[in-house]
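Peer 1: Below is final18.cif; it holds mmCIF, C-alpha atoms.
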data_start
#
loop_
_atom_site.label_atom_id
_atom_site.label_comp_id
_atom_site.auth_asym_id
_atom_site.auth_seq_id
_atom_site.Cartn_x
_atom_site.Cartn_y
_atom_site.Cartn_z
CA MET D 1 -6.22 3.89 -2.43
CA ARG D 2 -8.74 1.38 -3.75
CA ASP D 3 -5.97 -0.98 -4.90
CA LEU D 4 -4.18 -0.74 -1.55
CA THR D 5 -7.39 -1.78 0.21
CA ALA D 6 -8.06 -4.53 -2.34
CA GLY D 7 -4.59 -5.98 -1.84
CA PHE D 8 -5.01 -6.11 1.91
CA ARG D 9 -8.48 -7.65 1.46
CA HIS D 10 -6.97 -10.49 -0.61
CA LEU D 11 -4.53 -11.13 2.22
CA LEU D 12 -7.37 -11.36 4.76
CA ARG D 13 -9.46 -13.55 2.45
CA GLY D 14 -6.54 -15.94 2.08
CA HIS D 15 -6.25 -16.36 5.84
CA ARG D 16 -10.02 -16.81 6.16
CA TRP D 17 -9.85 -19.51 3.49
CA VAL D 18 -7.21 -21.57 5.32
CA ALA D 19 -9.09 -21.05 8.60
CA ARG D 20 -12.08 -22.84 7.01
CA HIS D 21 -9.84 -25.67 5.76
CA GLY D 22 -8.01 -26.78 8.89
CA ARG D 23 -6.36 -29.88 7.41
CA VAL D 24 -4.89 -27.92 4.49
CA TYR D 25 -3.64 -25.29 6.94
CA GLY D 26 -1.94 -27.94 9.08
CA LEU D 27 -0.12 -29.42 6.09
CA GLY D 28 0.84 -25.92 4.94
CA LEU D 29 2.67 -25.32 8.23
CA LEU D 30 5.12 -28.19 7.70
CA PRO D 31 7.43 -26.54 5.11
CA GLY D 32 7.74 -23.37 7.20
CA LEU D 33 8.55 -25.38 10.33
CA ILE D 34 11.18 -27.42 8.46
CA THR D 35 12.78 -24.26 7.06
CA LEU D 36 12.69 -22.57 10.47
CA VAL D 37 14.48 -25.51 12.13
CA LEU D 38 17.17 -25.48 9.40
CA TYR D 39 17.68 -21.72 9.73
CA LEU D 40 17.83 -21.86 13.52
CA ALA D 41 20.38 -24.69 13.36
CA ALA D 42 22.52 -22.65 10.96
CA LEU D 43 22.31 -19.54 13.16
CA VAL D 44 23.17 -21.52 16.30
CA ALA D 45 26.18 -23.03 14.51
CA LEU D 46 27.25 -19.55 13.41
CA ALA D 47 26.89 -18.24 16.97
CA MET D 48 29.06 -21.11 18.29
CA TRP D 49 31.80 -21.12 15.65
CA GLY D 50 31.50 -17.67 14.06
CA ASP D 51 34.41 -16.25 16.06
CA ASP D 52 36.61 -19.20 15.03
CA PHE D 53 35.73 -18.54 11.38
CA VAL D 54 36.58 -14.85 11.73
CA ALA D 55 39.90 -15.71 13.40
CA TRP D 56 40.70 -18.12 10.54
CA ALA D 57 39.76 -15.49 7.94
CA THR D 58 41.92 -12.75 9.54
CA PRO D 59 45.37 -14.28 10.13
CA PHE D 60 46.94 -10.84 9.65
CA ALA D 61 45.49 -9.83 13.03
CA ASP D 62 47.14 -12.67 14.97
CA ASP D 63 50.00 -10.45 16.14
CA TRP D 64 47.87 -7.44 17.07
CA SER D 65 48.06 -6.33 20.67
CA SER D 66 45.15 -6.30 23.08
CA PRO D 67 42.48 -4.93 22.99
CA TRP D 68 42.60 -4.16 19.25
CA GLN D 69 42.59 -7.76 18.10
CA GLY D 70 39.55 -8.62 20.24
CA LEU D 71 37.66 -5.46 19.23
CA PHE D 72 38.37 -5.97 15.52
CA ARG D 73 37.40 -9.63 15.43
CA GLY D 74 34.43 -9.07 17.73
CA PHE D 75 33.14 -6.39 15.37
CA LEU D 76 33.56 -8.68 12.35
CA THR D 77 31.76 -11.51 14.16
CA ALA D 78 28.84 -9.20 14.96
CA VAL D 79 28.69 -8.02 11.34
CA LEU D 80 28.78 -11.63 10.11
CA PHE D 81 25.89 -12.60 12.38
CA ALA D 82 23.87 -9.50 11.38
CA LEU D 83 24.36 -10.30 7.69
CA ALA D 84 23.31 -13.90 8.33
CA LEU D 85 20.10 -12.68 10.01
CA LEU D 86 19.39 -10.34 7.10
CA LEU D 87 19.97 -13.15 4.61
CA ALA D 88 17.66 -15.41 6.62
CA VAL D 89 14.84 -12.85 6.51
CA VAL D 90 15.29 -12.18 2.78
CA THR D 91 15.46 -15.85 1.76
CA PHE D 92 13.03 -17.43 4.24
CA THR D 93 9.97 -17.20 1.97
CA ALA D 94 11.80 -18.42 -1.15
CA VAL D 95 13.32 -21.41 0.67
CA THR D 96 10.02 -22.27 2.37
CA LEU D 97 8.19 -22.18 -0.97
CA LEU D 98 10.86 -24.43 -2.50
CA VAL D 99 10.76 -26.92 0.39
CA GLY D 100 6.96 -26.94 0.36
CA GLN D 101 6.41 -26.82 -3.42
CA PRO D 102 4.02 -29.84 -3.50
CA PHE D 103 2.10 -28.61 -0.41
CA TYR D 104 1.65 -25.04 -1.63
CA GLU D 105 0.93 -26.16 -5.20
CA ASN D 106 -1.93 -28.29 -3.88
CA LEU D 107 -3.15 -25.49 -1.61
CA SER D 108 -3.14 -22.98 -4.46
CA GLU D 109 -5.01 -25.38 -6.76
CA ARG D 110 -7.67 -25.94 -4.10
CA VAL D 111 -8.16 -22.19 -3.72
CA ASP D 112 -8.49 -21.85 -7.50
CA ARG D 113 -11.12 -24.58 -7.66
CA ASP D 114 -13.00 -23.12 -4.73
CA VAL D 115 -13.29 -19.61 -6.17
CA SER D 116 -13.49 -20.45 -9.88
CA PRO D 117 -17.04 -20.23 -11.31
CA ASP D 118 -16.56 -23.55 -13.13
CA GLY D 119 -14.71 -25.25 -10.26
CA THR D 120 -11.50 -25.85 -12.22
CA ALA D 121 -7.87 -24.88 -11.62
CA PRO D 122 -5.10 -24.25 -14.18
CA GLU D 123 -2.41 -26.91 -14.33
CA SER D 124 1.16 -26.46 -15.49
CA GLY D 125 1.47 -29.92 -17.02
CA LEU D 126 5.11 -30.03 -15.91
CA SER D 127 6.77 -32.71 -13.82
CA LEU D 128 7.54 -32.07 -10.16
CA ALA D 129 11.28 -31.98 -10.93
CA ARG D 130 10.74 -29.34 -13.64
CA ASP D 131 8.51 -27.26 -11.33
CA LEU D 132 11.14 -27.41 -8.59
CA TRP D 133 13.89 -26.35 -11.00
CA ILE D 134 11.89 -23.37 -12.26
CA SER D 135 10.99 -22.35 -8.69
CA ALA D 136 14.62 -22.58 -7.53
CA ARG D 137 15.93 -20.67 -10.56
CA ASP D 138 13.34 -17.89 -10.34
CA GLY D 139 13.64 -17.72 -6.55
CA LEU D 140 17.39 -17.19 -6.84
CA ARG D 141 16.87 -14.42 -9.40
CA ILE D 142 14.42 -12.66 -7.09
CA VAL D 143 16.77 -12.97 -4.11
CA VAL D 144 19.58 -11.41 -6.21
CA ARG D 145 17.29 -8.54 -7.28
CA ALA D 146 16.19 -8.00 -3.68
CA GLY D 147 19.84 -8.09 -2.59
CA VAL D 148 20.75 -5.33 -5.07
CA TRP D 149 17.93 -3.19 -3.68
CA GLY D 150 19.13 -3.99 -0.16
CA VAL D 151 22.67 -2.79 -0.94
CA LEU D 152 21.36 0.42 -2.51
CA LEU D 153 19.07 1.17 0.43
CA PHE D 154 21.86 0.33 2.88
CA ALA D 155 24.12 2.85 1.14
CA CYS D 156 21.35 5.48 1.13
CA GLY D 157 20.88 4.88 4.84
CA PHE D 158 24.01 6.93 5.51
CA LEU D 159 22.42 10.07 4.02
CA PRO D 160 21.44 12.59 6.73
CA PHE D 161 17.71 12.66 7.60
CA VAL D 162 16.70 10.78 4.40
CA GLY D 163 18.48 7.64 5.57
CA GLN D 164 16.59 7.64 8.87
CA THR D 165 13.13 8.53 7.53
CA LEU D 166 12.50 7.84 3.84
CA VAL D 167 14.81 4.87 3.28
CA PRO D 168 13.15 2.53 5.86
CA VAL D 169 9.72 3.27 4.33
CA ILE D 170 11.00 2.52 0.82
CA GLY D 171 12.59 -0.64 2.19
CA PHE D 172 9.26 -1.93 3.50
CA PHE D 173 7.57 -1.33 0.12
CA VAL D 174 10.43 -3.01 -1.76
CA THR D 175 10.22 -5.99 0.60
CA GLY D 176 6.45 -6.17 0.09
CA PHE D 177 6.84 -6.15 -3.69
CA PHE D 178 9.37 -8.99 -3.83
CA LEU D 179 7.53 -10.99 -1.17
CA THR D 180 4.35 -10.76 -3.24
CA GLU D 181 6.26 -11.88 -6.35
CA GLU D 182 7.52 -14.97 -4.55
CA LEU D 183 4.06 -15.88 -3.25
CA THR D 184 2.10 -15.22 -6.45
CA ALA D 185 4.68 -17.27 -8.37
CA VAL D 186 2.99 -20.44 -7.04
CA ALA D 187 -0.26 -19.64 -8.90
CA LEU D 188 1.25 -17.81 -11.87
CA GLN D 189 3.83 -20.49 -12.62
CA ARG D 190 0.99 -23.01 -12.98
CA ARG D 191 -0.47 -20.69 -15.60
CA GLY D 192 2.79 -20.61 -17.55
CA VAL D 193 3.58 -16.97 -16.69
CA GLN D 194 7.36 -16.49 -16.82
CA LEU D 195 9.35 -14.41 -14.32
CA ARG D 196 9.77 -11.38 -16.59
CA GLU D 197 6.03 -11.37 -17.34
CA ARG D 198 5.24 -11.77 -13.64
CA LEU D 199 7.34 -8.76 -12.73
CA ALA D 200 5.71 -6.65 -15.46
CA LEU D 201 2.28 -7.78 -14.24
CA LEU D 202 3.07 -6.81 -10.66
CA ARG D 203 4.53 -3.44 -11.68
CA SER D 204 1.31 -2.64 -13.55
CA ARG D 205 -0.65 -2.81 -10.24
CA LYS D 206 1.92 -1.65 -7.68
CA ARG D 207 -0.62 -0.33 -5.17
CA LEU D 208 -2.47 -3.66 -5.22
CA VAL D 209 0.83 -5.46 -4.66
CA TRP D 210 1.88 -3.11 -1.84
CA GLY D 211 -1.49 -3.48 -0.12
CA PHE D 212 -0.91 -7.22 -0.02
CA GLY D 213 2.83 -7.52 0.50
CA THR D 214 3.83 -4.61 2.73
CA PRO D 215 1.79 -5.56 5.84
CA LEU D 216 2.75 -9.19 5.28
CA GLY D 217 6.42 -8.23 5.04
CA LEU D 218 6.21 -6.41 8.36
CA ALA D 219 4.75 -9.54 9.97
CA PHE D 220 7.36 -11.77 8.30
CA LEU D 221 10.14 -9.92 10.13
CA VAL D 222 9.38 -12.38 12.95
CA PRO D 223 10.30 -15.83 11.52
CA LEU D 224 7.96 -17.76 13.84
CA VAL D 225 5.06 -15.56 12.75
CA ALA D 226 6.02 -16.19 9.12
CA VAL D 227 5.60 -19.94 9.63
CA PHE D 228 1.99 -19.58 10.74
CA LEU D 229 1.12 -16.98 8.09
CA MET D 230 2.57 -18.83 5.09
CA PRO D 231 -0.49 -20.99 4.22
CA GLY D 232 -2.85 -18.00 4.32
CA ALA D 233 -0.34 -15.89 2.38
CA VAL D 234 -0.18 -18.48 -0.43
CA ALA D 235 -3.99 -18.68 -0.51
CA GLY D 236 -4.31 -14.89 -0.62
CA ALA D 237 -1.60 -14.63 -3.29
CA THR D 238 -3.62 -17.04 -5.46
CA LEU D 239 -6.62 -14.72 -5.20
CA LEU D 240 -4.35 -11.77 -5.99
CA ALA D 241 -2.98 -13.56 -9.06
CA ARG D 242 -6.51 -14.13 -10.34
CA GLU D 243 -7.24 -10.40 -10.09
CA LEU D 244 -3.98 -9.47 -11.81
CA LEU D 245 -4.92 -11.72 -14.72
CA GLY D 246 -8.53 -10.52 -14.80
CA GLU D 247 -9.97 -13.95 -14.02
CA GLU D 248 -13.53 -14.13 -12.72
CA THR D 249 -13.62 -15.02 -9.04
CA ARG D 250 -16.59 -15.92 -6.90
CA ASP D 251 -16.68 -15.58 -3.12
CA PRO D 252 -17.33 -19.02 -1.56
CA GLU D 253 -18.32 -17.34 1.72
CA GLU D 254 -21.16 -15.49 -0.01
CA ASP D 255 -22.23 -18.67 -1.79
CA THR D 256 -22.27 -20.57 1.46
CA GLY D 257 -24.27 -17.83 3.09
CA GLY D 258 -26.75 -17.89 0.21
CA GLU D 259 -27.13 -21.65 0.43
CA HIS D 260 -27.77 -21.44 4.17
CA GLU D 261 -30.33 -18.69 3.65
CA ALA D 262 -32.14 -20.72 0.94
CA ALA D 263 -32.16 -23.80 3.14
CA ALA D 264 -33.58 -21.82 6.05
CA THR D 265 -36.29 -20.37 3.78
CA GLN D 266 -37.31 -23.81 2.54
CA ALA D 267 -37.39 -25.19 6.09
CA PHE D 268 -39.58 -22.30 7.18
#
What does the file become when written as structure tokens?
Peer 2:
Amino acid sequence: MRDLTAGFRHLLRGHRWVARHGRVYGLGLLPGLITLVLYLAALVALAMWGDDFVAWATPFADDWSSPWQGLFRGFLTAVLFALALLLAVVTFTAVTLLVGQPFYENLSERVDRDVSPDGTAPESGLSLARDLWISARDGLRIVVRAGVWGVLLFACGFLPFVGQTLVPVIGFFVTGFFLTEELTAVALQRRGVQLRERLALLRSRKRLVWGFGTPLGLAFLVPLVAVFLMPGAVAGATLLARELLGEETRDPEEDTGGEHEAAATQAF
């Protein structure tokens, strides 16, 4: 229970951090907005031409009589759009992190410097192109893993009672785990922690990961909300990464409060 609470506390601290750094927060919104526009354009295009694509892909139904042809192709069009929405939700974070790699890298470094006792932040020493390649490669691997889980949970959803009660709950925790992996990757990749090591690290503190990622995953179901939460999520994931690695972390809010109190005492 303590780890669940600690994970959620890191999430809140991340959002408080970006709230105190308005300019960083504003820049952190840009990648999410760019990704949202691209996704919306793709979904609008699918809504306009999805039925034409289905008709092209099912020539064997050209000679079917009414209403069977319309019902069959209408069903396939609806399934295609539903799968596109699911894919958009699953990949939104990974694509946003890839688009905003320089923004989120800078944000994560600033959080590290702010909470580190010596005011320093780890650096990967890699070029931007190399960082982007590693992020894209690892992001694709995580999306594939999440997709396998999605297929398994979808299949289990047909089981009586279990599919309507237990499976959705498991789905939220699985989503929270992979979402946390994607977000902590920004800070952990700078520290040279490879994907396999990152997954092992997250599995060792599952309750901490669920406390952070599960409530965030519920909020990320609404893409527009995800855009505004991304900067704070990256900041909170940096704090979470520090705890996973056992790094000493100071609370800048407490330090600020102490400085204000000392100044007030001197003035008095």
Peer 1: Report as a VMD selection string the residues that result from applying the PyMOL selection byres ((chain D and resi 87-100) around 8) to the structure here.
Peer 2: chain D and resid 28 30 to 32 35 39 83 to 86 101 to 104 132 135 to 136 139 143 146 179 182 to 183 220 to 221 223
Peer 1: Between D:Met48, D:Ala121, D:Leu43, D:Ala6, which has the minimum distance to Ser108 of chain D (counting all atoms listed in the file)?
Peer 2: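 Ranking D:Met48, D:Ala121, D:Leu43, D:Ala6 by distance to Ser108 of chain D, first place goes to D:Ala121.
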Peer 1: Set the distance at 9 Å and use only C-alpha atoms: which residues neighbour Gly150 of chain D once local chain neighbours fewer than 4 positions away are removed? I'd like the list as a CSV table (one decimal) with C-alpha atoms, in the coordinates of the input.
Peer 2:
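Listed below is the output, out01.csv:
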chain,number,residue,atom,x,y,z
D,145,ARG,CA,17.3,-8.5,-7.3
D,146,ALA,CA,16.2,-8.0,-3.7
D,154,PHE,CA,21.9,0.3,2.9
D,155,ALA,CA,24.1,2.8,1.1
D,171,GLY,CA,12.6,-0.6,2.2
D,174,VAL,CA,10.4,-3.0,-1.8
Peer 1: Could you tell me how far atom CA of Val167 of chain D lies from atom CA of Trp210 of chain D, in Å and to one decimal?
Peer 2: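 Between atom CA of Val167 of chain D and atom CA of Trp210 of chain D the gap is 16.0 Å.
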Peer 1: Go through the shown structure with the PyMOL selection byres ((chain D and resi 188) around 10) and write out the matching residues as a list in words.
Peer 2: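 Written out, the selection comes to Pro122, Ser124, Glu181, Leu183, Thr184, Ala185, Val186, Ala187, Gln189, Arg190, Arg191, Gly192, Val193, Gln194, Leu195, Glu197, Arg198, Ala237, Thr238, Ala241, Arg242, Leu244 and Leu245 of chain D.
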Peer 1: If we count all atoms listed in the file, what is near Arg13 of chain D at a cut-off of 10 Å, once residues fewer than 6 positions away on the same chain are taken out, given as a list in words?
Peer 2: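 Non-adjacent residues within range: Gly7, Ala19, Gly232, Ala233, Ala235, Gly236, Ala237, Leu239, Asp251 and Glu253 of chain D.
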Peer 1: Output the selection as a compact mmCIF listing (two decimals), keeping the file's coordinate frame - C-alpha atoms for each residue.
Peer 2:
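Writing the result to selection-v6.txt gives the following:
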# COMPACT_ATOMS: atom_id res chain seq x y z
CA GLY D 7 -4.59 -5.98 -1.84
CA ALA D 19 -9.09 -21.05 8.60
CA GLY D 232 -2.85 -18.00 4.32
CA ALA D 233 -0.34 -15.89 2.38
CA ALA D 235 -3.99 -18.68 -0.51
CA GLY D 236 -4.31 -14.89 -0.62
CA ALA D 237 -1.60 -14.63 -3.29
CA LEU D 239 -6.62 -14.72 -5.20
CA ASP D 251 -16.68 -15.58 -3.12
CA GLU D 253 -18.32 -17.34 1.72
Peer 1: Just give me the gap between atom CA of Gly70 of chain D and atom CA of Ala45 of chain D in Å, one decimal is fine.
Peer 2: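 These atoms are spaced 20.5 Å apart.
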Peer 1: Rank D:Pro67, D:Gly50, D:Pro59, D:Gly176 by their smallest atom-to-atom distance to Leu208 of chain D, using only C-alpha atoms, and report the top residue only.
Peer 2: D:Gly176
Peer 1: In Å, with one decimal, what is the gap from atom CA of Phe173 of chain D to atom CA of Gly213 of chain D?
Peer 2: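 Those two atoms sit 7.8 Å apart.
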Peer 1: Which is closer to Ile170 of chain D than all the others in D:Asp52, D:Thr214, D:Arg137, D:Asp63, using only C-alpha atoms?
Peer 2: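 Result for the nearest residue to Ile170 of chain D: D:Thr214.
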Peer 1: I need the residue nearest Leu40 of chain D from this list: D:Asp131, D:Glu105, D:Leu224, D:Thr77. Use only C-alpha atoms for the distance.
Peer 2: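 Looking at the shortest contact to Leu40 of chain D, the residue is D:Leu224.
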Peer 1: Quick check on the file I pasted: which residues fall under the PyMOL selection byres ((chain D and resi 207) around 10)? Write them as number ranges by chain.
Peer 2: D: 1-7, 173, 177, 202-206, 208-213
Peer 1: Here is a test: counting only C-alpha atoms, which residue of D:Arg110, D:Ala47, D:Val234, D:Trp64 is nearest to Val79 of chain D?
Peer 2: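 Closest to Val79 of chain D, using only C-alpha atoms: D:Ala47.
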Peer 1: Write out as a ChimeraX atom specification the residues lying within 12 Å of Phe72 of chain D, counting all atoms listed in the file and excluding same-chain residues fewer than 2 positions away.
Peer 2: /D:51,54-55,58,60-62,64-70,74-79
Peer 1: When you count all atoms listed in the file, which of these residues is closest to Gly147 of chain D: D:Val24, D:Thr175, D:Arg130, D:Pro117?
Peer 2: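 Looking only at the distances to Gly147 of chain D, the closest residue turns out to be D:Thr175.
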